[in-house]
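This is my_file_18.csv. It holds CSV, C-alpha atoms and all ligand atoms.
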```csv
chain,number,residue,atom,x,y,z
A,263,MET,CA,156.6,78.8,45.1
A,264,ARG,CA,152.8,78.7,45.0
A,265,LEU,CA,151.7,81.8,43.3
A,266,THR,CA,148.3,83.2,44.0
A,267,LEU,CA,146.1,86.3,43.3
A,268,GLY,CA,147.8,89.5,44.3
A,269,ASP,CA,151.3,88.1,44.3
A,270,THR,CA,153.9,89.8,42.2
A,271,PHE,CA,154.7,87.5,39.3
A,272,PRO,CA,158.5,86.9,39.6
A,273,ASN,CA,160.8,88.4,37.0
A,274,PHE,CA,163.2,85.9,35.3
A,275,ASP,CA,165.8,85.7,32.5
A,276,ALA,CA,165.6,82.7,30.2
A,277,GLU,CA,166.3,81.4,26.8
A,278,ALA,CA,163.2,81.8,24.6
A,279,LEU,CA,162.2,81.3,21.1
A,280,GLY,CA,161.9,84.7,19.5
A,281,ALA,CA,164.1,86.6,21.9
A,282,VAL,CA,167.9,86.9,22.1
A,283,LYS,CA,168.0,87.3,25.8
A,284,PHE,CA,164.5,87.2,27.3
A,285,ASN,CA,163.7,89.1,30.5
A,286,LEU,CA,160.0,88.9,31.5
A,287,TYR,CA,159.6,92.4,32.9
A,288,ASN,CA,161.6,94.1,30.0
A,289,TYR,CA,159.4,92.2,27.5
A,290,LEU,CA,156.1,93.2,29.2
A,291,GLU,CA,157.1,96.8,29.8
A,292,ASP,CA,154.0,98.5,31.1
A,293,ASN,CA,151.6,96.2,29.4
A,294,TRP,CA,149.4,93.4,30.7
A,295,GLY,CA,150.9,89.9,30.3
A,296,LEU,CA,149.5,86.5,29.8
A,297,PHE,CA,152.0,83.8,30.8
A,298,PHE,CA,150.7,80.5,29.6
A,299,SER,CA,152.5,77.2,30.2
A,300,HIS,CA,152.3,73.9,28.2
A,301,PRO,CA,153.1,70.3,29.1
A,302,SER,CA,155.5,69.7,26.2
A,303,ASP,CA,156.5,70.6,22.7
A,304,PHE,CA,155.1,68.4,19.9
A,305,THR,CA,152.0,67.4,21.8
A,306,PRO,CA,148.6,67.8,20.0
A,307,ILE,CA,146.7,70.0,22.4
A,308,CYS,CA,149.6,72.3,23.0
A,309,THR,CA,150.1,72.8,19.3
A,310,THR,CA,146.4,73.7,18.8
A,311,GLU,CA,146.6,76.2,21.7
A,312,LEU,CA,149.8,77.9,20.5
A,313,SER,CA,148.4,78.1,17.0
A,314,GLU,CA,145.3,79.8,18.2
A,315,ALA,CA,147.4,82.2,20.4
A,316,ALA,CA,149.5,83.1,17.3
A,317,LYS,CA,146.3,83.9,15.4
A,318,LEU,CA,145.0,86.1,18.2
A,319,ASN,CA,148.3,87.8,19.0
A,320,LYS,CA,147.1,91.1,17.4
A,321,VAL,CA,143.9,91.1,19.4
A,322,PHE,CA,145.9,90.7,22.6
A,323,HIS,CA,148.2,93.6,21.5
A,324,GLN,CA,145.2,95.8,20.9
A,325,LYS,CA,144.2,95.2,24.5
A,326,LYS,CA,147.8,96.1,25.5
A,327,CYS,CA,148.5,92.5,26.6
A,328,ARG,CA,151.7,90.6,25.7
A,329,LEU,CA,151.7,86.9,25.3
A,330,VAL,CA,154.4,84.7,26.8
A,331,GLY,CA,154.3,81.0,26.0
A,332,PHE,CA,156.2,78.4,28.1
A,333,SER,CA,157.1,74.8,27.5
A,334,CYS,CA,159.8,72.6,29.3
A,335,ASN,CA,161.9,72.0,26.2
A,336,ASP,CA,165.0,73.5,24.7
A,337,LEU,CA,165.4,76.1,22.0
A,338,SER,CA,166.1,73.7,19.2
A,339,SER,CA,162.9,71.8,20.0
A,340,HIS,CA,160.9,75.1,20.2
A,341,LYS,CA,162.4,76.1,16.8
A,342,GLU,CA,161.2,72.9,15.1
A,343,TRP,CA,157.8,73.0,16.9
A,344,ALA,CA,157.2,76.6,15.8
A,345,LYS,CA,156.9,75.4,12.2
A,346,ASP,CA,154.0,73.1,13.2
A,347,ILE,CA,152.4,75.8,15.2
A,348,MET,CA,152.4,78.3,12.4
A,349,ALA,CA,151.4,75.7,9.7
A,350,LEU,CA,148.5,74.4,11.8
A,351,GLY,CA,147.1,78.0,12.0
A,352,GLY,CA,147.7,78.6,8.3
A,353,LEU,CA,150.1,81.3,9.3
A,354,SER,CA,153.5,82.3,7.9
A,355,GLY,CA,156.7,83.7,9.5
A,356,GLU,CA,157.7,83.3,13.1
A,357,VAL,CA,155.6,82.7,16.1
A,358,PRO,CA,154.7,86.3,17.1
A,359,PHE,CA,155.4,86.0,20.8
A,360,PRO,CA,158.2,84.4,22.8
A,361,ILE,CA,158.1,80.8,23.9
A,362,VAL,CA,160.2,80.4,27.0
A,363,CYS,CA,162.5,77.4,27.3
A,364,ASP,CA,163.0,75.4,30.5
A,365,HIS,CA,164.6,72.1,29.6
A,366,ASP,CA,165.7,71.4,33.2
A,367,ARG,CA,162.3,72.4,34.6
A,368,HIS,CA,163.8,74.8,37.2
A,369,LEU,CA,161.5,77.7,36.2
A,370,ALA,CA,158.4,75.4,36.2
A,371,THR,CA,159.4,74.1,39.6
A,372,GLU,CA,160.0,77.6,41.0
A,373,LEU,CA,156.7,78.8,39.7
A,374,GLY,CA,154.9,75.7,41.1
A,375,ILE,CA,153.3,74.7,37.8
A,376,MET,CA,154.3,71.0,37.6
A,377,ASP,CA,151.4,68.7,37.0
A,378,PRO,CA,151.3,66.1,39.8
A,379,LYS,CA,150.1,63.4,37.5
A,380,GLU,CA,151.2,63.8,33.9
A,381,LYS,CA,154.7,62.4,32.9
A,382,ASP,CA,156.5,62.4,29.6
A,383,SER,CA,157.8,59.3,27.8
A,384,GLN,CA,160.9,59.3,30.1
A,385,GLY,CA,158.8,59.5,33.2
A,386,LEU,CA,159.7,63.2,33.8
A,387,PRO,CA,156.8,65.4,35.2
A,388,LEU,CA,155.1,67.7,32.8
A,389,THR,CA,153.9,71.2,33.4
A,390,CYS,CA,150.2,71.8,33.7
A,391,ARG,CA,148.3,74.3,31.6
A,392,ALA,CA,148.6,77.4,33.8
A,393,ALA,CA,147.6,80.9,32.5
A,394,PHE,CA,148.7,83.8,34.7
A,395,PHE,CA,147.1,87.2,34.0
A,396,ILE,CA,149.7,89.8,35.0
A,397,ASN,CA,148.7,93.5,35.3
A,398,PRO,CA,151.1,96.4,34.4
A,399,GLN,CA,152.3,96.5,38.0
A,400,LYS,CA,153.3,92.8,37.7
A,401,LYS,CA,150.6,91.6,40.1
A,402,ILE,CA,148.8,88.4,39.4
A,403,LYS,CA,145.1,89.3,38.8
A,404,ALA,CA,143.8,85.9,37.7
A,405,ILE,CA,145.0,82.3,37.3
A,406,ILE,CA,143.4,79.6,35.2
A,407,LEU,CA,144.8,76.1,35.9
A,408,TYR,CA,143.9,73.1,33.7
A,409,PRO,CA,145.4,69.6,33.6
A,410,ALA,CA,147.4,68.6,30.6
A,411,THR,CA,144.5,66.7,29.1
A,412,VAL,CA,142.1,69.7,28.9
A,413,GLY,CA,142.8,72.4,26.3
A,414,ARG,CA,142.0,76.0,27.1
A,415,SER,CA,139.5,78.4,25.5
A,416,PHE,CA,141.2,81.5,24.3
A,417,LYS,CA,137.7,83.1,24.0
A,418,GLU,CA,137.5,82.6,27.8
A,419,ILE,CA,141.0,84.0,28.3
A,420,LEU,CA,140.1,87.1,26.3
A,421,ARG,CA,136.8,87.5,28.2
A,422,VAL,CA,138.7,87.3,31.5
A,423,LEU,CA,141.3,89.9,30.3
A,424,ASP,CA,138.4,92.2,29.3
A,425,ALA,CA,136.8,91.8,32.7
A,426,LEU,CA,140.0,92.4,34.6
A,427,GLN,CA,140.8,95.5,32.6
A,428,LEU,CA,137.3,96.8,33.2
A,429,THR,CA,137.2,96.0,37.0
A,430,GLU,CA,140.7,97.4,37.6
A,431,ASN,CA,139.4,100.9,36.7
A,432,HIS,CA,135.7,100.9,37.6
A,433,PRO,CA,133.9,99.8,40.8
A,434,VAL,CA,132.0,97.0,39.1
A,435,ALA,CA,132.0,93.2,38.8
A,436,THR,CA,131.0,91.2,35.8
A,437,PRO,CA,128.0,88.9,36.0
A,438,VAL,CA,127.6,85.3,34.8
A,439,GLU,CA,128.3,84.9,31.0
A,440,TRP,CA,129.4,88.6,30.7
A,441,GLN,CA,130.9,89.6,27.5
A,442,ALA,CA,132.9,92.8,26.7
A,443,GLY,CA,130.5,95.8,26.5
A,444,GLY,CA,127.7,94.0,28.4
A,445,ASN,CA,125.9,95.2,31.5
A,446,CYS,CA,127.8,94.8,34.8
A,447,CYS,CA,127.0,94.9,38.5
A,448,ILE,CA,127.9,97.8,40.8
A,449,LEU,CA,130.0,96.7,43.7
A,450,PRO,CA,127.6,96.3,46.7
A,451,GLU,CA,129.7,98.4,49.1
A,452,LEU,CA,129.2,101.6,47.1
A,453,SER,CA,127.0,104.3,48.7
A,454,GLU,CA,124.1,105.8,46.8
A,455,ARG,CA,126.0,109.0,46.5
A,456,ASP,CA,129.0,107.3,44.9
A,457,ILE,CA,126.7,105.4,42.6
A,458,LYS,CA,125.2,108.6,41.3
A,459,GLU,CA,128.6,110.2,40.8
A,460,LYS,CA,130.3,107.2,39.2
A,461,PHE,CA,127.5,105.8,37.1
A,462,PRO,CA,125.9,108.7,35.2
A,463,LYS,CA,124.4,106.2,32.7
A,464,GLY,CA,122.1,105.1,35.6
A,465,HIS,CA,121.4,101.7,37.0
A,466,GLU,CA,118.6,99.3,37.7
A,467,THR,CA,118.2,97.5,41.1
A,468,ARG,CA,116.7,94.0,40.8
A,469,GLU,CA,114.0,93.2,43.3
A,470,LEU,CA,114.7,89.9,45.0
A,471,PRO,CA,112.8,87.9,47.6
A,472,SER,CA,115.2,88.9,50.4
A,473,GLY,CA,114.3,92.5,49.8
A,474,LYS,CA,118.0,93.4,49.9
A,475,ALA,CA,119.0,95.8,47.2
A,476,TYR,CA,122.4,94.4,46.3
A,477,LEU,CA,121.9,93.5,42.7
A,478,LYS,CA,122.4,96.8,40.8
A,479,ILE,CA,122.9,96.5,37.1
A,480,THR,CA,124.5,99.2,35.0
A,481,PRO,CA,125.7,99.6,31.4
A,482,ASP,CA,129.4,99.3,30.8
A,483,PRO,CA,130.7,102.5,32.4
A,484,ARG,CA,133.5,103.0,29.8
A,485,GLY,CA,133.2,105.6,27.1
A,501,LIG,C1,148.8,67.6,24.6
A,501,LIG,O1,149.2,68.7,24.6
A,501,LIG,O2,148.3,67.0,23.7
A,501,LIG,C2,149.0,66.7,25.9
A,501,LIG,C3,150.1,66.8,26.6
A,501,LIG,C4,150.3,66.0,27.7
A,501,LIG,C5,149.3,65.1,28.1
A,501,LIG,C6,148.1,65.0,27.3
A,501,LIG,C7,148.0,65.8,26.2
```
Represent the structure contained in this file as structure tokens.
Ligand code: BEZ
Amino acid sequence: MRLTLGDTFPNFDAEALGAVKFNLYNYLEDNWGLFFSHPSDFTPICTTELSEAAKLNKVFHQKKCRLVGFSCNDLSSHKEWAKDIMALGGLSGEVPFPIVCDHDRHLATELGIMDPKEKDSQGLPLTCRAAFFINPQKKIKAIILYPATVGRSFKEILRVLDALQLTENHPVATPVEWQAGGNCCILPELSERDIKEKFPKGHETRELPSGKAYLKITPDPRG
């Protein structure tokens, strides 16, 4: 299955660290979800990423987003690895989100997240670094896909989540290098009447050589 934007992220039951019987939809409830996959347990980049995610778990919760880690190993491996993840982050206790197990790679294959190039020491394919942003209706709103050799930026992941949550509810798009709270662009298809009604804080139209008035900048419409 090749998942793309607008698809429903499939529900699944699986073994997972931190959950007796993990069911994705039950776990997410009506929150946003970030499902992020890793090539393998006990690999350096994955450990740094999960450690960072553990540190940021509260920030994701405040944004009503639940983290779901994924790595193609079994529960006993995840349990051992969890100690490294927490120690690296200077954290104590359990990893604060589930890490899904998939030792036979059936889920990774079904989700279409196998890396075509990277193999483990036994020559078995590894999963790539996929991050699926799932909205409360279980639709995929964004996907970030990196190869195993490139670690992700959780700053960028949080920025994308902020942008998705803003643009789900307001007829705006976020410009280059946007950060939460920054100015955004009014969707070009809006009529002048709609703009007046929906953007009481006003807007500025940038004059461009084309003379086309399509770049309309407005403050963050929330609050
Ligand atoms: C890592 O997470 O460190 C890693 C995993 C597979 C290939 C390269 C790096």
I'd like the contact shell of region 280-283 of chain A - 8 Å cut-off, only C-alpha atoms, skipping same-chain residues fewer than 4 positions apart - returned as a CSV table (one decimal) with C-alpha atoms, in the frame of the given file.
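Saved as out-v2.csv:
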```csv
chain,number,residue,atom,x,y,z
A,275,ASP,CA,165.8,85.7,32.5
A,276,ALA,CA,165.6,82.7,30.2
A,356,GLU,CA,157.7,83.3,13.1
A,357,VAL,CA,155.6,82.7,16.1
A,358,PRO,CA,154.7,86.3,17.1
A,359,PHE,CA,155.4,86.0,20.8
A,360,PRO,CA,158.2,84.4,22.8
A,361,ILE,CA,158.1,80.8,23.9
```
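Relative to CA of Thr309 (chain A), atom C4 of ligand LIG 501 (chain A) is found at 10.8 Å.
Comparing A:Phe322, A:Phe284, A:Phe274, A:Phe394 by their smallest distance to Phe297 (chain A), the closest is A:Phe394 (using all atoms listed in the file).
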Name the residues, by chain letter and number, that sit within 12 Å of ligand LIG 501 (chain A) using all atoms listed in the file, and give them as a VMD selection string.
chain A and resid 299 to 312 333 to 334 376 to 383 386 to 391 408 to 414
Do you know which residues are at most 8 Å from Thr480 (chain A) counting only C-alpha atoms, after dropping those on the same chain fewer than 4 positions away, and could you put them as a list in words?
Asn445, Cys446, Cys447, Ile448, Phe461, Lys463, Gly464, His465 and Glu466 of chain A
Taking 5 positions as the minimum chain separation for residues in the same chain, which residues sit within 10 Å of Pro398 (chain A) when counting all atoms listed in the file? Answer as a count of residues only.
9
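Here CA of Leu449 (chain A) stands at a distance of 5.0 Å from CA of Val434 (chain A).
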Among A:Gly355, A:Pro433, A:Gly443, A:Pro481, Ala316 (chain A) is approached most closely, using only C-alpha atoms, by A:Gly355
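Residues within 8 Å of region 264-267 of chain A, counting all atoms listed in the file and excluding same-chain residues fewer than 5 positions away, are Leu373, Gly374, Lys401, Ile402, Lys403, Ala404 and Ile405 of chain A.
Note that the spacing between CA of Ile406 (chain A) and CA of Lys317 (chain A) amounts to 20.5 Å.
The closest residue to Leu350 (chain A), picked from A:Val330, A:Arg468, A:Glu314, A:Val321 and counting all atoms listed in the file, is A:Glu314.
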How big is the axis-aligned box around the listed atoms of region 276-286 of chain A once 4 Å is added on each side, and where is its centre? Give both in Å to one decimal, as lines of an AutoDock Vina configuration file.
```
center_x = 164.0
center_y = 85.2
center_z = 25.5
size_x = 16.0
size_y = 15.8
size_z = 20.0
```
Looking at A:Leu369, A:Ala344, A:Leu296, A:Cys363, which one is nearest to Lys325 (chain A), with distances taken over all atoms listed in the file?
A:Leu296
